[in-house]
Amino acid sequence: MKLDSSVSAVVTGGAGFVPSHLVDRLLADGLRVVALDNFVTGHARNIAHLENHPNFEFIEHDVSEPFDVAGPVDFVFHMASPASPIDYVQIPVETLKAGSYASHNALDLALKKKATYLVASTSEVYGDPRQNPQDERYWGNVNPVGPRSVYDEAKRFGEALTTAHAEAHGTDTCIVRLFNTYGPRMRGHDGRAVPTFVRQALAGEPLTVTGDGRQTRSLCYVDDTVAGILAAGNRAMIKPSEFTENVSGLMARLVPDYFDESEMAVFTGDAEVGIAFSKLAFDHLIFTGATSVVIAHIAIAMPALARG
Ligand SMILES: NC(=O)c1ccc[n+]([C@@H]2O[C@H](COP(=O)([O-])OP(=O)(O)OC[C@H]3O[C@@H](n4cnc5c(N)ncnc54)[C@H](O)[C@@H]3O)[C@@H](O)[C@H]2O)c1
């Protein structure tokens, strides 16, 4: 798909840590982006560099209250929610509203604009899991009145509402359960392990290890989390009529030595097959860290993923 300013994305919570990186990536990919935030845990400095960006608009708003944006919208990324335990225990009701009222408002916008809706859920939906690692077939071990319930239950409700919208209204939806993400723009005192270690190390202080130190965490660098979010949504980002240009452009960039005009022809065949292969190629690149994918012809002139 040719990504340009005719494709629009709304990002709730756009001044937050992960969402501001998502905004950067969407703008770099050429989209028009509208970000909404009430700065309850985010900060204007995270988007200050975008102040004069021609494709960027910021609206200060509490998305737990209804909202609208002007013009067409192709994607709604609902990212707004307090995410650090330090934050959500201080603002428990706001946290529950971000998963419920704000999810409802963002889904309503997606429905009205016929946009694809993608929500940032969390590994916390598994509660205090009895299975490690967790996969989507595991439903969790959750306490609705426990110390983290305001976050866990808000996110679980948000997932249920998303599923209901897809079934009741046919909204194109995608739920992404993020695990611990780290990177630039995290707040040193937000209570999470990585920024705490970094802050203490930079100050020459002892590193605080809670518990017996044998806990495990799944950690992901923020650029990779953003890439994963977009990979999850990429079946929507690549539209059948436009995927030829997108995939051939990607391949030309990634594998210039292997790419020639004749190979472009393979992408003009069946759209569904092309999308399936392109998704496989994207996922392969993103999740294996491979730097190349070779596309080869097969008998019916369809691309086949040969090796990475
Ligand atoms: N960072 C992680 O490791 C992680 C893990 C799992 C899930 N998530 C999810 O990813 C999203 C972003 O997390 P983050 O770590 O970047 O947190 P963050 O606090 O840095 O970002 C959240 C942003 O949402 C904004 N916000 C919250 N409630 C709002 C409201 N009612 N109206 C408008 N803006 C509002 C905040 O001001 C903030 O800018 C959250 O939905 C979170 O649950 C993050």
# chains A, B, ... in the order shown; residues from 1 in each chain; ligands from 1

call {"tool": "residues_near_ligand", "arguments": {"ligand": "ligand 1", "cutoff": "7 Å", "atoms": "only C-alpha atoms and all ligand atoms", "output": "ChimeraX atom specification"}}
result
/A:12-19,36-43,61-64,79-84,94-95,97-98,102,120-123,177-182,186

call {"tool": "residues_around", "arguments": {"residues": "Asn132 of chain A", "least_positions_apart": "3", "cutoff": "12 Å", "atoms": "only C-alpha atoms", "output": "PyMOL selection string"}}
result
chain A and resi 123+126-129+135-136+138+140-141+215-218

call {"tool": "residues_around", "arguments": {"residues": "segment 193-198 of chain A", "least_positions_apart": "3", "cutoff": "10 Å", "atoms": "only C-alpha atoms", "output": "count of residues only"}}
result
23

call {"tool": "residues_around", "arguments": {"residues": "Ile229 of chain A", "least_positions_apart": "5", "cutoff": "10 Å", "atoms": "only C-alpha atoms", "output": "list in words"}}
result
Leu22, Phe77, Leu118, Val119, Ala120, Cys174, Ile175, Val176, Arg177, Leu178, Asp223, Asp224 and Asn234 of chain A

call {"tool": "atom_distance", "arguments": {"atom1": "atom CA of Arg199 of chain A", "atom2": "atom CA of Arg214 of chain A"}}
result
21.3 Å

call {"tool": "residues_around", "arguments": {"residues": "segment 146-157 of chain A", "least_positions_apart": "3", "cutoff": "6 Å", "atoms": "only C-alpha atoms", "output": "PyMOL selection string"}}
result
chain A and resi 92+96+99+121+124-125+143+160

call {"tool": "atom_distance", "arguments": {"atom1": "atom CA of Phe67 of chain A", "atom2": "atom CA of Ser8 of chain A"}}
result
16.2 Å

call {"tool": "select_by_dssp", "arguments": {"residues": "segment 71-131 of chain A", "states": "alpha helix (DSSP H)", "output": "list in words"}}
result
Pro85, Ile86, Asp87, Tyr88, Val89, Gln90, Pro92, Val93, Glu94, Thr95, Leu96, Lys97, Ala98, Gly99, Tyr101, Ala102, Ser103, His104, Asn105, Ala106, Leu107, Asp108, Leu109, Ala110, Leu111, Lys112 and Lys113 of chain A

call {"tool": "atom_distance", "arguments": {"atom1": "atom CA of Glu159 of chain A", "atom2": "atom CA of Ser100 of chain A"}}
result
9.5 Å
